[in-house]
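Next up, entry-v8.pdb (PDB, C-alpha atoms):
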MODEL        1
ATOM      1  CA  MET A   1      39.195 183.607  -0.591
ATOM      2  CA  PHE A   2      38.540 179.915  -0.167
ATOM      3  CA  ASP A   3      37.571 178.053  -3.337
ATOM      4  CA  LEU A   4      35.872 174.744  -2.556
ATOM      5  CA  GLU A   5      36.128 173.335  -6.073
ATOM      6  CA  GLN A   6      39.834 174.167  -6.232
ATOM      7  CA  SER A   7      40.395 172.549  -2.838
ATOM      8  CA  ILE A   8      38.620 169.386  -3.981
ATOM      9  CA  ALA A   9      40.709 169.401  -7.177
ATOM     10  CA  ASP A  10      43.872 169.721  -5.055
ATOM     11  CA  TRP A  11      42.707 166.877  -2.822
ATOM     12  CA  ARG A  12      42.131 164.778  -5.938
ATOM     13  CA  THR A  13      45.639 165.601  -7.183
ATOM     14  CA  GLN A  14      47.030 164.568  -3.825
ATOM     15  CA  MET A  15      45.185 161.229  -4.074
ATOM     16  CA  LEU A  16      46.514 160.716  -7.593
ATOM     17  CA  ALA A  17      50.040 161.558  -6.448
ATOM     18  CA  SER A  18      49.812 158.940  -3.715
ATOM     19  CA  GLY A  19      49.065 156.336  -6.372
ATOM     20  CA  ILE A  20      45.264 155.955  -6.585
ATOM     21  CA  GLU A  21      45.231 156.007 -10.371
ATOM     22  CA  SER A  22      42.179 153.943 -11.181
ATOM     23  CA  PRO A  23      39.303 156.358 -11.954
ATOM     24  CA  VAL A  24      36.621 154.217 -10.277
ATOM     25  CA  PRO A  25      37.885 154.332  -6.672
ATOM     26  CA  LEU A  26      38.936 157.955  -7.062
ATOM     27  CA  GLU A  27      35.503 159.018  -8.299
ATOM     28  CA  GLU A  28      33.863 157.072  -5.514
ATOM     29  CA  LEU A  29      36.141 158.669  -2.934
ATOM     30  CA  GLU A  30      35.440 162.144  -4.277
ATOM     31  CA  ILE A  31      31.679 161.594  -4.161
ATOM     32  CA  HIS A  32      32.052 160.538  -0.529
ATOM     33  CA  LEU A  33      34.115 163.618   0.276
ATOM     34  CA  ARG A  34      31.510 165.882  -1.316
ATOM     35  CA  GLU A  35      28.703 164.245   0.681
ATOM     36  CA  GLU A  36      30.624 164.724   3.909
ATOM     37  CA  ILE A  37      31.360 168.378   3.078
ATOM     38  CA  GLU A  38      27.680 168.925   2.343
ATOM     39  CA  TRP A  39      26.694 167.343   5.652
ATOM     40  CA  GLN A  40      29.240 169.407   7.606
ATOM     41  CA  MET A  41      27.955 172.591   5.953
ATOM     42  CA  LYS A  42      24.371 171.680   6.805
ATOM     43  CA  SER A  43      25.449 171.382  10.419
ATOM     44  CA  GLY A  44      26.598 175.005  10.335
ATOM     45  CA  LEU A  45      30.240 175.046   9.274
ATOM     46  CA  ASN A  46      31.532 177.277   6.517
ATOM     47  CA  GLU A  47      32.935 175.839   3.265
ATOM     48  CA  GLN A  48      36.568 175.952   4.339
ATOM     49  CA  ARG A  49      36.072 174.361   7.739
ATOM     50  CA  ALA A  50      33.718 171.758   6.284
ATOM     51  CA  PHE A  51      36.327 170.812   3.684
ATOM     52  CA  GLU A  52      39.158 170.654   6.235
ATOM     53  CA  ILE A  53      37.216 168.402   8.587
ATOM     54  CA  SER A  54      35.976 166.170   5.770
ATOM     55  CA  ALA A  55      39.449 165.776   4.257
ATOM     56  CA  GLN A  56      40.860 165.001   7.680
ATOM     57  CA  ARG A  57      38.156 162.419   8.361
ATOM     58  CA  PHE A  58      39.002 160.801   5.063
ATOM     59  CA  GLY A  59      42.450 159.771   6.224
ATOM     60  CA  GLN A  60      45.916 159.736   4.740
ATOM     61  CA  SER A  61      45.970 159.120   1.000
ATOM     62  CA  LYS A  62      49.073 156.910   1.354
ATOM     63  CA  ASN A  63      47.287 154.542   3.737
ATOM     64  CA  ILE A  64      44.259 154.273   1.467
ATOM     65  CA  GLU A  65      46.455 153.596  -1.535
ATOM     66  CA  LEU A  66      48.361 150.949   0.410
ATOM     67  CA  GLU A  67      45.111 149.087   1.058
ATOM     68  CA  PHE A  68      44.089 149.315  -2.607
ATOM     69  CA  LYS A  69      47.521 148.011  -3.630
ATOM     70  CA  LYS A  70      47.040 144.959  -1.402
ATOM     71  CA  ILE A  71      43.797 144.118  -3.235
ATOM     72  CA  GLU A  72      45.513 144.569  -6.583
ATOM     73  CA  ARG A  73      48.304 142.175  -5.618
ATOM     74  CA  THR A  74      45.833 139.462  -4.549
ATOM     75  CA  PHE A  75      43.916 139.982  -7.791
ATOM     76  CA  MET A  76      47.092 139.567  -9.851
ATOM     77  CA  LYS A  77      48.105 136.426  -7.972
ATOM     78  CA  LYS A  78      44.717 134.773  -8.475
ATOM     79  CA  THR A  79      44.587 135.737 -12.133
ATOM     80  CA  LEU A  80      48.039 134.262 -12.731
ATOM     81  CA  MET A  81      47.093 131.049 -10.951
ATOM     82  CA  CYS A  82      43.904 130.802 -12.988
ATOM     83  CA  THR A  83      45.750 131.324 -16.251
ATOM     84  CA  ILE A  84      48.320 128.637 -15.441
ATOM     85  CA  ILE A  85      45.658 126.075 -14.498
ATOM     86  CA  ARG A  86      43.610 126.811 -17.596
ATOM     87  CA  PHE A  87      46.663 126.533 -19.800
ATOM     88  CA  LEU A  88      47.606 123.193 -18.243
ATOM     89  CA  GLY A  89      44.042 121.940 -18.632
ATOM     90  CA  LEU A  90      43.893 122.988 -22.260
ATOM     91  CA  LEU A  91      47.268 121.437 -23.008
ATOM     92  CA  PHE A  92      46.236 118.194 -21.353
ATOM     93  CA  SER A  93      42.878 118.096 -23.170
ATOM     94  CA  VAL A  94      44.482 118.508 -26.567
ATOM     95  CA  TRP A  95      47.036 115.875 -25.742
ATOM     96  CA  ALA A  96      44.424 113.416 -24.399
ATOM     97  CA  ILE A  97      42.129 113.833 -27.398
ATOM     98  CA  TRP A  98      45.047 113.309 -29.731
ATOM     99  CA  GLY A  99      46.014 110.195 -27.716
ATOM    100  CA  VAL A 100      42.506 108.726 -28.008
ATOM    101  CA  PHE A 101      42.555 109.248 -31.729
ATOM    102  CA  ILE A 102      45.951 107.556 -32.110
ATOM    103  CA  ALA A 103      44.884 104.639 -29.868
ATOM    104  CA  PHE A 104      41.778 104.047 -31.987
ATOM    105  CA  VAL A 105      43.783 104.053 -35.155
ATOM    106  CA  THR A 106      46.425 101.669 -33.821
ATOM    107  CA  SER A 107      44.271  99.304 -31.695
ATOM    108  CA  ALA A 108      43.690  96.870 -34.562
ATOM    109  CA  GLN A 109      47.383  96.700 -35.266
ATOM    110  CA  TYR A 110      48.759  96.540 -31.698
ATOM    111  CA  GLY A 111      45.994  94.605 -29.856
ATOM    112  CA  PRO A 112      44.728  94.932 -26.243
ATOM    113  CA  LYS A 113      47.472  97.225 -25.039
ATOM    114  CA  ALA A 114      46.453  99.909 -27.500
ATOM    115  CA  LEU A 115      42.786  99.386 -26.643
ATOM    116  CA  LEU A 116      43.569  99.769 -22.965
ATOM    117  CA  LEU A 117      45.457 102.912 -23.732
ATOM    118  CA  HIS A 118      42.319 104.099 -25.442
ATOM    119  CA  TYR A 119      40.207 103.388 -22.335
ATOM    120  CA  CYS A 120      42.589 105.216 -20.082
ATOM    121  CA  LEU A 121      42.929 108.186 -22.340
ATOM    122  CA  THR A 122      39.135 108.370 -22.597
ATOM    123  CA  VAL A 123      38.742 108.698 -18.843
ATOM    124  CA  THR A 124      41.430 111.335 -18.707
ATOM    125  CA  VAL A 125      39.170 113.597 -20.756
ATOM    126  CA  PRO A 126      36.412 113.892 -18.095
ATOM    127  CA  TYR A 127      39.123 114.427 -15.488
ATOM    128  CA  THR A 128      40.551 117.229 -17.549
ATOM    129  CA  LEU A 129      37.158 118.751 -18.283
ATOM    130  CA  LEU A 130      36.366 118.682 -14.582
ATOM    131  CA  ALA A 131      39.693 120.380 -13.895
ATOM    132  CA  ILE A 132      38.846 123.123 -16.373
ATOM    133  CA  LEU A 133      35.354 123.510 -14.919
ATOM    134  CA  LEU A 134      36.852 123.866 -11.465
ATOM    135  CA  ALA A 135      39.290 126.450 -12.703
ATOM    136  CA  LEU A 136      36.696 128.475 -14.619
ATOM    137  CA  PRO A 137      35.145 130.404 -11.725
ATOM    138  CA  TYR A 138      38.537 131.985 -11.193
ATOM    139  CA  SER A 139      37.695 134.286 -14.052
ATOM    140  CA  LYS A 140      35.357 135.960 -11.551
ATOM    141  CA  LEU A 141      38.004 135.618  -8.854
ATOM    142  CA  LYS A 142      35.973 133.243  -6.760
ATOM    143  CA  GLY A 143      37.195 130.123  -5.041
ATOM    144  CA  GLY A 144      40.256 129.299  -3.078
ATOM    145  CA  LEU A 145      42.951 126.880  -2.185
ATOM    146  CA  TRP A 146      40.672 123.834  -2.215
ATOM    147  CA  LYS A 147      39.614 124.547  -5.776
ATOM    148  CA  VAL A 148      43.217 124.794  -6.882
ATOM    149  CA  LEU A 149      44.068 121.566  -5.081
ATOM    150  CA  PHE A 150      41.184 119.632  -6.577
ATOM    151  CA  THR A 151      41.830 121.037 -10.023
ATOM    152  CA  LEU A 152      45.400 119.821  -9.811
ATOM    153  CA  LEU A 153      44.178 116.510  -8.373
ATOM    154  CA  CYS A 154      41.873 116.008 -11.333
ATOM    155  CA  LEU A 155      44.628 116.896 -13.760
ATOM    156  CA  SER A 156      46.961 114.446 -12.089
ATOM    157  CA  GLY A 157      44.149 111.835 -12.144
ATOM    158  CA  GLY A 158      44.546 111.795 -15.883
ATOM    159  CA  TYR A 159      48.243 111.171 -15.584
ATOM    160  CA  VAL A 160      47.629 108.330 -13.126
ATOM    161  CA  CYS A 161      45.425 106.624 -15.734
ATOM    162  CA  LEU A 162      48.240 106.759 -18.203
ATOM    163  CA  TYR A 163      50.722 105.497 -15.642
ATOM    164  CA  LEU A 164      48.532 102.432 -15.017
ATOM    165  CA  VAL A 165      48.737 101.471 -18.664
ATOM    166  CA  THR A 166      52.451 100.974 -18.608
ATOM    167  CA  HIS A 167      53.257  99.993 -15.029
ATOM    168  CA  LEU A 168      50.718  97.408 -13.824
ATOM    169  CA  PRO A 169      51.922  93.795 -14.135
ATOM    170  CA  SER A 170      49.058  91.988 -15.798
ATOM    171  CA  GLU A 171      47.581  93.324 -18.974
ATOM    172  CA  GLU A 172      44.640  90.960 -18.598
ATOM    173  CA  TRP A 173      43.768  92.188 -15.133
ATOM    174  CA  LEU A 174      43.913  95.732 -16.339
ATOM    175  CA  MET A 175      41.726  94.947 -19.312
ATOM    176  CA  ILE A 176      38.964  93.575 -17.086
ATOM    177  CA  TYR A 177      39.018  95.835 -14.031
ATOM    178  CA  GLY A 178      41.109  98.856 -14.932
ATOM    179  CA  PRO A 179      38.643 100.775 -17.081
ATOM    180  CA  TRP A 180      35.763 100.120 -14.665
ATOM    181  CA  LEU A 181      37.780 101.354 -11.713
ATOM    182  CA  LEU A 182      38.764 104.448 -13.595
ATOM    183  CA  ILE A 183      35.224 105.139 -14.765
ATOM    184  CA  LEU A 184      33.828 104.590 -11.262
ATOM    185  CA  SER A 185      36.407 106.917  -9.814
ATOM    186  CA  GLN A 186      34.960 109.844 -11.788
ATOM    187  CA  PRO A 187      31.772 110.458  -9.762
ATOM    188  CA  ILE A 188      33.735 109.939  -6.558
ATOM    189  CA  ALA A 189      36.255 112.580  -7.622
ATOM    190  CA  ILE A 190      33.435 114.947  -8.591
ATOM    191  CA  TRP A 191      31.518 114.320  -5.359
ATOM    192  CA  ILE A 192      34.575 114.887  -3.167
ATOM    193  CA  SER A 193      35.602 118.042  -4.980
ATOM    194  CA  ARG A 194      32.086 119.552  -4.907
ATOM    195  CA  ARG A 195      31.619 118.703  -1.241
ATOM    196  CA  LYS A 196      34.974 120.141  -0.278
ATOM    197  CA  MET A 197      34.376 123.208  -2.381
ATOM    198  CA  SER A 198      31.022 124.052  -0.858
ATOM    199  CA  ASN A 199      32.310 123.697   2.698
ATOM    200  CA  GLN A 200      35.713 125.206   2.335
ATOM    201  CA  THR A 201      35.612 127.762  -0.447
ATOM    202  CA  LEU A 202      34.476 130.690   1.616
ATOM    203  CA  GLU A 203      36.958 129.936   4.374
ATOM    204  CA  GLN A 204      39.813 129.702   1.924
ATOM    205  CA  MET A 205      38.891 132.782  -0.061
ATOM    206  CA  LYS A 206      40.222 135.038   2.659
TER     207      LYS A 206
ATOM    208  CA  MET B 207      37.525 154.635  22.011
ATOM    209  CA  ILE B 208      37.453 151.147  20.515
ATOM    210  CA  ARG B 209      40.843 149.701  19.553
ATOM    211  CA  LYS B 210      41.671 149.925  15.861
ATOM    212  CA  GLU B 211      42.277 146.146  15.617
ATOM    213  CA  LEU B 212      38.724 145.500  16.771
ATOM    214  CA  VAL B 213      37.384 148.203  14.459
ATOM    215  CA  ALA B 214      39.177 146.543  11.530
ATOM    216  CA  ALA B 215      38.003 143.047  12.473
ATOM    217  CA  SER B 216      34.405 144.147  12.818
ATOM    218  CA  ALA B 217      34.273 146.018   9.510
ATOM    219  CA  GLU B 218      33.350 143.053   7.333
ATOM    220  CA  PRO B 219      30.591 141.592   9.543
ATOM    221  CA  LEU B 220      29.103 145.044  10.044
ATOM    222  CA  ILE B 221      29.100 145.867   6.341
ATOM    223  CA  LEU B 222      27.599 142.484   5.483
ATOM    224  CA  SER B 223      24.899 142.887   8.114
ATOM    225  CA  LEU B 224      24.048 146.394   6.948
ATOM    226  CA  LEU B 225      23.833 145.289   3.340
ATOM    227  CA  ALA B 226      21.585 142.400   4.367
ATOM    228  CA  LYS B 227      18.939 145.066   5.059
ATOM    229  CA  GLY B 228      19.228 146.357   1.505
ATOM    230  CA  GLU B 229      21.670 147.978  -0.904
ATOM    231  CA  SER B 230      23.659 150.923   0.335
ATOM    232  CA  TYR B 231      26.638 153.146  -0.508
ATOM    233  CA  GLY B 232      29.868 154.016   1.268
ATOM    234  CA  TYR B 233      28.824 157.256   2.911
ATOM    235  CA  ALA B 234      25.532 155.837   4.182
ATOM    236  CA  ILE B 235      27.282 152.753   5.573
ATOM    237  CA  ILE B 236      29.685 154.892   7.580
ATOM    238  CA  GLN B 237      26.884 157.114   8.866
ATOM    239  CA  GLU B 238      24.760 154.177   9.935
ATOM    240  CA  VAL B 239      27.623 152.515  11.794
ATOM    241  CA  LYS B 240      28.365 155.799  13.507
ATOM    242  CA  VAL B 241      24.745 156.285  14.586
ATOM    243  CA  ARG B 242      24.269 152.693  15.710
ATOM    244  CA  SER B 243      27.436 152.789  17.817
ATOM    245  CA  ASP B 244      26.702 156.256  19.255
ATOM    246  CA  GLY B 245      29.811 157.517  17.498
ATOM    247  CA  LYS B 246      32.060 155.044  19.328
ATOM    248  CA  LEU B 247      32.856 152.980  16.267
ATOM    249  CA  ASN B 248      34.604 155.533  14.142
ATOM    250  CA  TRP B 249      35.949 154.374  10.828
ATOM    251  CA  THR B 250      38.391 156.474   8.858
ATOM    252  CA  ASP B 251      36.170 157.327   5.891
ATOM    253  CA  GLY B 252      38.697 156.546   3.170
ATOM    254  CA  MET B 253      39.580 153.142   4.595
ATOM    255  CA  LEU B 254      36.068 151.828   4.046
ATOM    256  CA  TYR B 255      36.525 151.684   0.277
ATOM    257  CA  PRO B 256      39.447 149.244   0.142
ATOM    258  CA  VAL B 257      37.373 146.986   2.424
ATOM    259  CA  LEU B 258      34.341 147.250   0.130
ATOM    260  CA  HIS B 259      36.474 146.612  -2.969
ATOM    261  CA  ARG B 260      38.142 143.602  -1.351
ATOM    262  CA  MET B 261      34.758 142.144  -0.425
ATOM    263  CA  GLU B 262      33.602 142.710  -3.977
ATOM    264  CA  HIS B 263      36.662 140.904  -5.370
ATOM    265  CA  ARG B 264      35.945 137.998  -3.064
ATOM    266  CA  GLY B 265      32.417 137.752  -4.425
ATOM    267  CA  LEU B 266      30.677 138.631  -1.161
ATOM    268  CA  ILE B 267      29.061 141.783  -2.513
ATOM    269  CA  LYS B 268      28.479 143.389  -5.888
ATOM    270  CA  SER B 269      28.081 146.998  -6.922
ATOM    271  CA  ARG B 270      26.240 149.179  -9.388
ATOM    272  CA  TRP B 271      26.367 152.850 -10.236
ATOM    273  CA  ALA B 272      23.072 154.698  -9.952
ATOM    274  CA  GLU B 273      21.769 158.209  -9.480
ATOM    275  CA  SER B 274      20.404 159.210  -6.112
ATOM    276  CA  GLU B 275      17.139 161.119  -5.675
ATOM    277  CA  THR B 276      19.195 164.308  -5.600
ATOM    278  CA  GLY B 277      20.756 163.454  -8.953
ATOM    279  CA  ARG B 278      24.148 162.608  -7.466
ATOM    280  CA  LYS B 279      25.956 159.584  -8.880
ATOM    281  CA  ARG B 280      26.545 156.893  -6.295
ATOM    282  CA  LYS B 281      28.031 153.430  -6.194
ATOM    283  CA  TYR B 282      25.591 151.118  -4.461
ATOM    284  CA  TYR B 283      26.686 147.841  -2.914
ATOM    285  CA  LEU B 284      24.504 144.738  -2.696
ATOM    286  CA  LEU B 285      24.899 141.510  -0.793
ATOM    287  CA  LYS B 286      25.527 138.344  -2.804
ATOM    288  CA  LYS B 287      24.720 134.735  -1.910
ATOM    289  CA  ASP B 288      28.292 134.086  -0.747
ATOM    290  CA  GLY B 289      28.063 137.255   1.311
ATOM    291  CA  LYS B 290      25.001 135.943   3.135
ATOM    292  CA  ALA B 291      26.863 132.751   3.984
ATOM    293  CA  ALA B 292      29.878 134.764   5.168
ATOM    294  CA  MET B 293      27.594 136.917   7.296
ATOM    295  CA  ALA B 294      26.042 133.857   8.943
ATOM    296  CA  ARG B 295      29.502 132.568   9.739
ATOM    297  CA  HIS B 296      30.570 135.906  11.177
ATOM    298  CA  HIS B 297      27.477 136.024  13.398
ATOM    299  CA  GLU B 298      28.184 132.538  14.642
ATOM    300  CA  GLN B 299      31.821 133.348  15.452
ATOM    301  CA  TRP B 300      31.120 136.707  17.087
ATOM    302  CA  SER B 301      28.297 135.167  19.132
ATOM    303  CA  LEU B 302      30.675 132.516  20.352
ATOM    304  CA  VAL B 303      33.258 135.108  21.415
ATOM    305  CA  HIS B 304      30.497 137.110  23.081
ATOM    306  CA  SER B 305      29.111 134.142  24.990
ATOM    307  CA  VAL B 306      32.567 133.077  26.208
ATOM    308  CA  LEU B 307      33.315 136.617  27.357
ATOM    309  CA  SER B 308      29.929 136.937  29.079
ATOM    310  CA  GLY B 309      30.400 133.604  30.809
ATOM    311  CA  LEU B 310      33.809 134.596  32.105
ATOM    312  CA  ARG B 311      32.507 137.943  33.283
ATOM    313  CA  LYS B 312      29.629 136.349  35.167
ATOM    314  CA  GLU B 313      32.056 133.993  36.896
ATOM    315  CA  GLN B 314      34.050 136.976  38.153
ATOM    316  CA  TYR B 315      31.015 138.267  40.021
ATOM    317  CA  VAL B 316      29.948 134.947  41.538
TER     318      VAL B 316
ENDMDL
END

Could the structure of this file be written out as structure tokens, please?
Amino acid sequence: MFDLEQSIADWRTQMLASGIESPVPLEELEIHLREEIEWQMKSGLNEQRAFEISAQRFGQSKNIELEFKKIERTFMKKTLMCTIIRFLGLLFSVWAIWGVFIAFVTSAQYGPKALLLHYCLTVTVPYTLLAILLALPYSKLKGGLWKVLFTLLCLSGGYVCLYLVTHLPSEEWLMIYGPWLLILSQPIAIWISRRKMSNQTLEQMK
Amino acid sequence: MIRKELVAASAEPLILSLLAKGESYGYAIIQEVKVRSDGKLNWTDGMLYPVLHRMEHRGLIKSRWAESETGRKRKYYLLKKDGKAAMARHHEQWSLVHSVLSGLRKEQYV
């Protein structure tokens, strides 16, 4: 005697054995199977035949699991990337804030160079904050390659500021124009990143 | 029978377009596609769910559990803002392919 509930339980076991362990997809799949069985029975088939056809229509459990695994892998990759970027951003923020504090304390003692260092470190903070803001939506697994690139660009922007302090020839020139250039570069960086994000994000999410 | 590559490629635009009419659930989506294609576009039922879950992860659609009028629990899918944009892009691309194909076909009969 055919037992529909037992057959569905067996089908569920088969799905579990193939690797669909998460309860949400499995429950959803079972609900679908039950709806199809119901529909087949309404069209005149008996329980056994309705179950057989429905299970067959559902496809091989291995193939379904393979597709779910692919999604899981992408999810893991994006989460890892997000965590690394956030960690870098946090590390850089702490370091930049500490640098600003030290520069303030030492500017009276060491003169314009320390003050310049202060300027540069100050503009690294918005860069870093922007980088973190860019990285944040990854918590919802949105965004794509362009976001990662611009996040890294903003992070490296901070490092460029620091590089300028020690490697440009004239301290005087830097004192006058350097901070203004760096400050002006902020909205440009934000504008470019937002523009690129809006146009490219969806394309790159695939 | 339509080739499986084409069936796979058309899954996302079709789902997005169906959800643009209102929220729906897996079984209903499959049924509607079947009816609209006169049974020619036959998806393997189980393979729809990885597609739906992937689209959800990408932020194109979102889902919610609710009870149907018959009391059965169902997972309903809704279109998100990014999904609407993706749908518009799909329409544009598929229209382009269609117009190129139509143009070439017309030329064959000239």

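Atom CA of Gly232 of chain B lies 7.7 Å from atom CA of Tyr282 of chain B.
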
Review point. Taking only C-alpha atoms into account, what are the residues of chain B at most 9 Å from chain A, put as a PyMOL selection string?
Key: chain B and resi 232-233+249-257+259-260+263-265+278-281+288+291-292

Review point. Atom CA of Ile267 of chain B and atom CA of Leu224 of chain B are how many Å apart?
Key: 11.7 Å

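Every protein or nucleic acid residue with an atom no more than 12 Å from segment 297-301 of chain B, counting only C-alpha atoms and leaving out same-chain residues fewer than 2 positions away, appears here: Leu212, Ala215, Ser216, Glu218, Pro219, Leu220, Leu222, Ser223, Lys290, Ala291, Ala292, Met293, Ala294, Arg295, Val303, His304, Ser305, Val306, Leu307, Ser308 and Gly309 of chain B.
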
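Our summary of the geometry notes that atom CA of Glu211 of chain B is positioned 17.0 Å from atom CA of Gly245 of chain B.
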
**Study point:** Nearby residues (all atoms listed in the file) at most 9 Å from Met207 of chain B, same-chain spacing under 2 positions excluded, as a list in words
**Key:** Arg209, Lys210, Lys246, Leu247 and Asn248 of chain B

Review point. Near Ile235 of chain B, within 9 Å and counting only C-alpha atoms, which residues show up once chain neighbours fewer than 4 positions away are dropped, as a PyMOL selection string?
Key: chain B and resi 221+224-225+230-231+239-240+254

How about saving the chosen residues, C-alpha atoms kept, as a PDB file, in the frame of the given file?
ATOM      1  CA  ILE B 221      29.100 145.867   6.341  1.00  0.00           C
ATOM      2  CA  LEU B 224      24.048 146.394   6.948  1.00  0.00           C
ATOM      3  CA  LEU B 225      23.833 145.289   3.340  1.00  0.00           C
ATOM      4  CA  SER B 230      23.659 150.923   0.335  1.00  0.00           C
ATOM      5  CA  TYR B 231      26.638 153.146  -0.508  1.00  0.00           C
ATOM      6  CA  VAL B 239      27.623 152.515  11.794  1.00  0.00           C
ATOM      7  CA  LYS B 240      28.365 155.799  13.507  1.00  0.00           C
ATOM      8  CA  LEU B 254      36.068 151.828   4.046  1.00  0.00           C
TER       9      LEU B 254
END
